[in-house]
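Structure file entry_20.txt; described as compact mmCIF, C-alpha atoms.
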# COMPACT_ATOMS: atom_id res chain seq x y z
CA MET T 1 58.60 65.67 118.47
CA LYS T 2 59.42 62.94 115.93
CA HIS T 3 56.84 64.35 113.50
CA PHE T 4 58.32 67.84 113.82
CA PHE T 5 61.80 66.53 113.01
CA ILE T 6 60.53 64.64 109.96
CA PHE T 7 58.77 67.80 108.75
CA PHE T 8 61.76 70.06 109.46
CA LEU T 9 64.42 67.85 107.84
CA PRO T 10 63.27 68.35 104.20
CA LEU T 11 63.17 72.12 104.73
CA LEU T 12 66.70 72.09 106.12
CA CYS T 13 67.99 69.97 103.26
CA ALA T 14 66.24 72.12 100.69
CA ASN T 15 67.87 75.23 102.18
CA VAL T 16 71.35 73.68 102.25
CA PHE T 17 71.23 72.30 98.74
CA SER T 18 69.67 75.47 97.34
CA GLN T 19 72.88 77.37 98.07
CA LYS T 20 74.38 78.13 94.67
CA ASP T 21 78.06 77.87 93.93
CA TYR T 22 77.92 80.93 91.69
CA TYR T 23 76.77 84.55 91.83
CA GLU T 24 73.69 85.55 89.87
CA TYR T 25 75.06 89.04 89.29
CA VAL T 26 77.95 91.33 90.20
CA GLU T 27 77.94 95.07 90.83
CA LEU T 28 81.28 96.88 90.99
CA THR T 29 81.90 100.57 91.68
CA LEU T 30 85.22 102.18 90.73
CA TYR T 31 86.65 105.31 92.35
CA ASN T 32 89.70 107.50 91.83
CA SER T 33 91.78 109.10 94.57
CA GLN T 34 89.38 112.07 94.81
CA GLY T 35 86.49 109.73 95.56
CA GLU T 36 84.96 110.37 92.12
CA LYS T 37 83.30 107.47 90.34
CA ILE T 38 85.03 106.25 87.18
CA GLU T 39 82.54 105.67 84.38
CA ASN T 40 84.68 104.95 81.31
CA ALA T 41 86.70 101.92 82.42
CA THR T 42 86.83 98.48 80.82
CA VAL T 43 85.85 95.94 83.45
CA LEU T 44 86.08 92.17 83.01
CA VAL T 45 84.97 89.40 85.35
CA ASP T 46 86.41 86.04 84.32
CA GLY T 47 86.83 87.49 80.83
CA LYS T 48 83.21 88.68 80.59
CA THR T 49 82.66 92.38 79.98
CA VAL T 50 80.81 94.11 82.80
CA PRO T 51 78.98 97.10 81.26
CA TYR T 52 78.53 100.43 83.02
CA ASP T 53 74.99 101.05 84.24
CA SER T 54 74.36 104.80 84.32
CA SER T 55 71.27 104.41 86.52
CA LYS T 56 73.24 102.54 89.18
CA HIS T 57 76.50 104.47 88.63
CA SER T 58 78.34 101.16 88.71
CA TYR T 59 79.42 98.26 86.52
CA TYR T 60 76.63 95.70 86.55
CA LEU T 61 76.36 92.23 85.03
CA ILE T 62 73.60 89.63 85.37
CA ASP T 63 75.17 86.25 84.63
CA SER T 64 76.39 83.09 86.31
CA ILE T 65 79.67 84.19 87.89
CA SER T 66 82.06 81.80 89.66
CA LYS T 67 82.43 82.52 93.37
CA ASN T 68 86.19 82.44 92.79
CA PHE T 69 86.14 84.97 89.98
CA LYS T 70 88.92 87.25 88.76
CA VAL T 71 88.19 90.92 88.05
CA GLU T 72 90.28 93.13 85.79
CA ALA T 73 89.86 96.84 85.17
CA SER T 74 91.63 99.31 82.91
CA CYS T 75 91.04 102.95 82.05
CA GLU T 76 93.00 105.60 80.19
CA GLY T 77 95.12 107.59 82.62
CA TYR T 78 95.07 104.90 85.31
CA GLU T 79 97.06 101.79 86.11
CA SER T 80 95.30 98.53 85.28
CA ILE T 81 94.35 96.25 88.17
CA SER T 82 93.68 92.55 88.56
CA TYR T 83 92.15 91.14 91.74
CA LEU T 84 90.85 87.73 92.75
CA ARG T 85 87.57 87.40 94.61
CA GLU T 86 89.54 86.59 97.77
CA ASN T 87 91.12 90.07 97.61
CA LEU T 88 87.75 91.81 97.71
CA THR T 89 85.36 92.50 100.55
CA GLY T 90 81.81 92.46 99.29
CA SER T 91 78.22 91.76 100.24
CA GLY T 92 75.65 89.16 99.26
CA SER T 93 75.47 85.37 98.96
CA SER T 94 73.65 85.05 95.63
CA PHE T 95 75.17 88.30 94.31
CA PHE T 96 78.40 90.21 94.82
CA ARG T 97 78.67 93.95 95.33
CA CYS T 98 81.85 95.87 96.16
CA PHE T 99 83.99 98.88 95.27
CA PHE T 100 87.68 99.49 94.66
CA TYR T 101 90.03 102.20 93.41
CA LEU T 102 92.10 102.88 90.32
CA LYS T 103 95.43 104.63 90.72
CA ARG T 104 97.10 107.15 88.44
CA PRO T 105 100.77 106.32 87.67
CA SER T 106 102.07 109.38 89.52
CA GLU T 107 100.01 108.86 92.66
CA LYS T 108 101.07 107.50 96.01
CA PHE T 109 99.09 104.69 97.58
CA TYR T 110 98.81 102.44 100.58
CA TYR T 111 97.60 98.88 100.99
CA VAL T 112 94.57 97.71 102.90
CA ASN T 113 93.79 94.06 103.66
CA ASN T 114 94.47 91.57 100.88
CA TRP T 115 96.70 93.93 98.87
CA LEU T 116 94.03 96.34 97.70
CA LYS T 117 95.62 99.61 96.60
CA ILE T 118 94.14 102.87 97.91
CA PRO T 119 95.58 105.88 96.01
CA TYR T 120 95.76 109.33 97.54
CA GLN T 121 96.83 112.86 96.73
CA SER T 122 100.27 113.26 98.29
CA GLN T 123 101.02 116.33 100.44
CA PRO T 124 104.84 116.38 100.08
CA ASN T 125 105.41 119.40 102.30
CA GLN T 126 103.26 118.18 105.21
CA LEU T 127 103.28 115.32 107.73
CA LEU T 128 100.48 114.17 110.02
CA VAL T 129 101.18 113.69 113.73
CA ILE T 130 98.86 112.11 116.30
CA LEU T 131 99.68 113.36 119.78
CA ASN T 132 99.92 110.96 122.73
CA THR T 133 96.87 111.82 124.83
CA LYS T 134 97.42 108.78 127.08
CA GLY T 135 100.84 109.81 128.24
CA PHE T 136 100.17 113.51 128.87
CA PRO T 137 97.47 115.76 130.34
CA ILE T 138 94.65 116.35 127.88
CA ASP T 139 94.93 120.10 127.67
CA ASP T 140 96.82 122.77 125.74
CA SER T 141 100.09 121.93 127.52
CA LEU T 142 100.56 118.81 125.35
CA ARG T 143 100.35 120.81 122.13
CA LEU T 144 102.65 123.52 123.51
CA GLN T 145 105.23 120.98 124.66
CA PHE T 146 105.17 119.33 121.21
CA GLU T 147 105.58 122.71 119.52
CA ARG T 148 108.65 123.47 121.60
CA GLU T 149 110.17 120.07 120.73
CA ILE T 150 109.83 120.44 116.96
CA GLN T 151 111.40 123.90 116.86
CA GLN T 152 114.82 122.29 117.27
CA LYS T 153 114.29 120.66 113.84
CA VAL T 154 113.05 123.92 112.31
CA LEU T 155 109.53 122.56 112.04
CA LYS T 156 106.21 124.24 112.77
CA ILE T 157 102.55 123.38 113.24
CA SER T 158 100.45 124.26 110.20
CA PRO T 159 97.94 126.98 111.08
CA ASN T 160 95.55 125.84 108.35
CA PHE T 161 94.49 122.48 109.81
CA PRO T 162 91.85 121.92 110.79
CA GLU T 163 89.93 124.56 108.90
CA PRO T 164 87.06 126.01 110.95
CA PRO T 165 83.52 124.87 110.05
CA SER T 166 81.80 127.04 107.46
CA ASP T 167 78.18 126.08 108.19
CA LEU T 168 76.01 124.14 110.65
CA ALA T 169 76.26 120.84 108.75
CA GLU T 170 80.04 121.07 108.68
CA GLU T 171 80.12 122.05 112.34
CA TRP T 172 78.21 118.84 113.17
CA ILE T 173 80.82 116.80 111.30
CA PHE T 174 83.60 118.71 113.03
CA LYS T 175 82.17 117.97 116.48
CA SER T 176 81.64 114.29 115.64
CA ILE T 177 85.39 113.63 115.38
CA PRO T 178 86.89 112.95 118.80
CA GLU T 179 90.33 114.36 119.62
CA LEU T 180 90.67 116.09 116.26
CA GLU T 181 92.67 118.78 118.05
CA TYR T 182 95.37 116.18 118.71
CA ARG T 183 95.90 115.52 115.02
CA ILE T 184 98.60 117.97 114.01
CA VAL T 185 99.88 118.84 110.55
CA VAL T 186 103.60 119.65 110.61
CA GLU T 187 105.55 121.64 108.02
CA LYS T 188 109.10 122.87 107.56
CA GLU T 189 109.64 126.51 108.49
CA ASP T 190 110.67 127.28 104.90
CA GLY T 191 107.72 125.37 103.43
CA SER T 192 109.91 122.97 101.42
CA ASP T 193 109.07 119.31 100.77
CA PHE T 194 110.01 116.39 102.99
CA GLU T 195 111.90 113.43 101.54
CA SER T 196 109.23 111.01 100.32
CA ASP T 197 111.25 107.78 100.76
CA TYR T 198 113.35 108.15 103.92
CA CYS T 199 112.59 111.24 105.94
CA GLU T 200 114.87 112.39 108.77
CA GLU T 201 112.24 114.69 110.24
CA LEU T 202 109.70 111.88 110.34
CA ALA T 203 112.10 109.70 112.32
CA PHE T 204 112.50 112.56 114.79
CA LEU T 205 108.74 113.02 115.17
CA ARG T 206 108.19 109.31 115.78
CA SER T 207 110.83 109.35 118.52
CA LEU T 208 109.06 111.96 120.64
CA ASP T 209 107.23 110.94 123.81
CA GLU T 210 104.49 113.39 122.90
CA VAL T 211 103.74 111.46 119.68
CA VAL T 212 101.81 108.19 119.35
CA GLY T 213 101.98 108.10 115.55
CA ALA T 214 103.28 110.06 112.57
CA GLY T 215 103.49 109.64 108.82
CA PRO T 216 102.41 111.06 105.47
CA LEU T 217 99.32 113.24 105.49
CA ILE T 218 96.42 111.50 103.72
CA ILE T 219 93.13 113.36 103.38
CA HIS T 220 90.11 111.56 101.96
CA SER T 221 88.16 114.66 100.98
CA ASN T 222 85.27 112.61 99.58
CA ILE T 223 84.46 111.68 103.21
CA ASN T 224 85.08 115.15 104.64
CA LYS T 225 87.93 117.62 104.79
CA TYR T 226 88.73 116.66 108.37
CA HIS T 227 89.14 112.96 107.63
CA THR T 228 92.87 112.24 107.85
CA ILE T 229 94.78 108.97 107.79
CA THR T 230 98.42 108.08 108.06
CA TYR T 231 100.51 104.93 108.40
CA ASP T 232 103.37 103.91 110.63
CA HIS T 233 106.74 102.33 109.83
CA LYS T 234 105.46 98.91 110.91
CA ILE T 235 103.84 96.02 109.03
CA ARG T 236 101.72 93.46 110.84
CA LEU T 237 101.67 89.80 109.79
CA TYR T 238 97.99 88.94 110.06
CA GLN T 239 97.25 85.64 111.88
CA PHE T 240 100.91 84.73 111.77
CA GLY T 241 101.61 81.37 113.42
CA VAL T 242 97.98 80.41 114.03
CA HIS T 243 98.50 76.93 112.58
CA TYR T 244 102.20 76.57 113.44
CA ASN T 245 103.65 74.41 116.19
CA THR T 246 106.16 76.03 118.53
CA LYS T 247 109.22 74.71 116.72
CA PHE T 248 108.07 75.74 113.25
CA LEU T 249 106.93 79.13 114.54
CA LYS T 250 110.43 79.81 115.85
CA GLU T 251 112.07 78.66 112.62
CA ARG T 252 109.73 80.70 110.44
CA SER T 253 110.24 83.78 112.60
CA GLU T 254 113.99 83.51 112.13
CA GLU T 255 113.55 83.05 108.37
CA ILE T 256 111.36 86.14 108.15
CA ASN T 257 113.86 88.16 110.17
CA GLN T 258 116.66 87.19 107.78
CA LEU T 259 114.51 88.07 104.74
CA VAL T 260 113.62 91.44 106.25
CA LYS T 261 117.30 92.26 106.85
CA LYS T 262 118.08 91.50 103.21
CA VAL T 263 116.03 94.55 102.32
CA ASP T 264 117.64 96.75 104.96
CA LYS T 265 119.82 95.75 107.93
CA ARG T 266 117.97 98.25 110.10
CA PHE T 267 114.71 96.34 109.65
CA TYR T 268 113.73 93.39 111.87
CA PHE T 269 110.86 91.05 112.69
CA ASP T 270 109.44 91.20 116.22
CA GLU T 271 108.21 87.68 116.93
CA LYS T 272 106.27 88.67 120.07
CA THR T 273 104.16 91.33 118.39
CA ARG T 274 104.27 89.65 114.95
CA VAL T 275 105.27 92.96 113.41
CA ILE T 276 107.95 93.83 110.86
CA VAL T 277 109.60 96.98 112.20
CA LEU T 278 111.18 99.25 109.59
CA SER T 279 113.51 102.13 110.28
CA PRO T 280 111.60 105.12 111.71
CA ASP T 281 112.55 107.36 108.77
CA VAL T 282 110.46 105.29 106.32
CA ASN T 283 107.92 107.55 104.63
CA GLU T 284 105.83 106.96 101.50
CA ILE T 285 108.12 104.19 100.26
CA LEU T 286 106.44 101.73 102.67
CA PRO T 287 104.16 100.08 100.05
CA GLU T 288 107.17 99.48 97.80
CA ILE T 289 108.97 97.83 100.72
CA MET T 290 105.94 95.56 101.22
CA ASP T 291 106.10 94.59 97.54
CA ASN T 292 109.80 93.83 97.91
CA LEU T 293 109.22 91.68 101.00
CA ARG T 294 106.57 89.69 99.19
CA GLU T 295 108.82 89.16 96.18
CA ILE T 296 111.69 87.75 98.27
CA GLY T 297 109.57 85.18 100.08
CA ILE T 298 107.32 86.55 102.82
CA THR T 299 104.05 84.84 101.85
CA GLU T 300 102.16 85.74 105.02
CA ASN T 301 99.41 88.34 104.78
CA MET T 302 101.00 91.73 105.47
CA ILE T 303 98.87 94.59 106.75
CA THR T 304 99.75 98.29 106.80
CA MET T 305 99.32 99.67 110.31
CA LEU T 306 97.04 102.64 109.73
CA PHE T 307 96.05 105.45 112.05
CA GLU T 308 92.44 105.88 111.02
CA MET T 309 89.72 108.10 112.44
CA SER T 310 86.65 107.27 114.46
CA TYR T 311 83.41 109.21 114.74
CA ASN T 312 80.79 109.78 117.39
CA ASP T 313 77.21 108.91 116.47
Once more with this new file: its structure as structure tokens, please.
Amino acid sequence: MKHFFIFFLPLLCANVFSQKDYYEYVELTLYNSQGEKIENATVLVDGKTVPYDSSKHSYYLIDSISKNFKVEASCEGYESISYLRENLTGSGSSFFRCFFYLKRPSEKFYYVNNWLKIPYQSQPNQLLVILNTKGFPIDDSLRLQFEREIQQKVLKISPNFPEPPSDLAEEWIFKSIPELEYRIVVEKEDGSDFESDYCEELAFLRSLDEVVGAGPLIIHSNINKYHTITYDHKIRLYQFGVHYNTKFLKERSEEINQLVKKVDKRFYFDEKTRVIVLSPDVNEILPEIMDNLREIGITENMITMLFEMSYND
């Protein structure tokens, strides 16, 4: 046993000390809001130009890159971005590979973890509603009850979502999405736009017992035309209080609550759920509110509470 340990120790040490503190190469893929790859951007990693590789359809650089690098990207028609390595989720230990998005100035966006911006094509005259299948019978009665409720606000269910499958491949995708029939697109009877910042109708929808979530309609068509996402009027503080003692946790919670109310007196911080609760009429202005909260002193990691989709294998 002693001989085995003596033999194994050099191998273990060699493996530990062979770990490099830099990446040997980086590969970055840029997308726009339509899911199209952007090929004509200027991409820099720690000031080094990362050229576009047409064979890989990505920006690719073989070089010694710090594991705490900074990436910058700019392209005509899009807003420039600057992210630190800690903002990005990527793969590899000796290399780094990831993707991110560039946003056009006129586009709406939402944040994912670590303040990455995801732009999308806004649908100003439509809202997405997720019906509450846990609180009601899972049959047509839930949809009918919801339809009766929204008539009092002169709203209607869009007849064009979801579109029926056009071929066998699309039908397979359609059937792979559970409870798609309980994702409802809502419109005004006259077809006019909803208020994009603070929307009265959205507050009404979120108040209904038949609704578990509602917000702007976001369709990522590059995935498929049935893939919809929306976000709530709540912001979670990720891992809030993990390293705080009880006294400091209480003090910090009170500080955050006061900061939140500086933005809007209707907003508050729920210490138990560790969630910043905004007024229920908040629509596509939510990312701007998050920016404002960060600027006035909320340093904790804020996460948009998304209603994403799941798929059956």
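Going from atom CA of T:Phe95 to atom CA of T:Tyr52 covers 16.9 Å.
Restricting the calculation to all atoms listed in the file, the smallest distance between T:Tyr110 and any of T:Tyr231, T:Phe248, T:Phe240, T:Phe96 is found for T:Tyr231.
Atom CA of T:Val212 to atom CA of T:Ile229 spans 13.6 Å [interatomic distance, one decimal].
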When you look at T:Val260 with a cut-off of 8 Å (counting only C-alpha atoms), what residues show up, excluding the ones that are within fewer than 6 positions of it in the same chain? I need them as a PDB file with C-alpha atoms, in the coordinates of the input.
ATOM      1  CA  PHE T 267     114.710  96.340 109.650  1.00  0.00           C
ATOM      2  CA  TYR T 268     113.730  93.390 111.870  1.00  0.00           C
ATOM      3  CA  PHE T 269     110.860  91.050 112.690  1.00  0.00           C
ATOM      4  CA  ILE T 276     107.950  93.830 110.860  1.00  0.00           C
ATOM      5  CA  LEU T 293     109.220  91.680 101.000  1.00  0.00           C
TER       6      LEU T 293
END
If we count only C-alpha atoms and set the cut-off at 6 Å, which residues sit around T:Ser74, ignoring sequence neighbours fewer than 3 positions away in its own chain? Please answer as a ChimeraX atom specification. /T:41-42,80
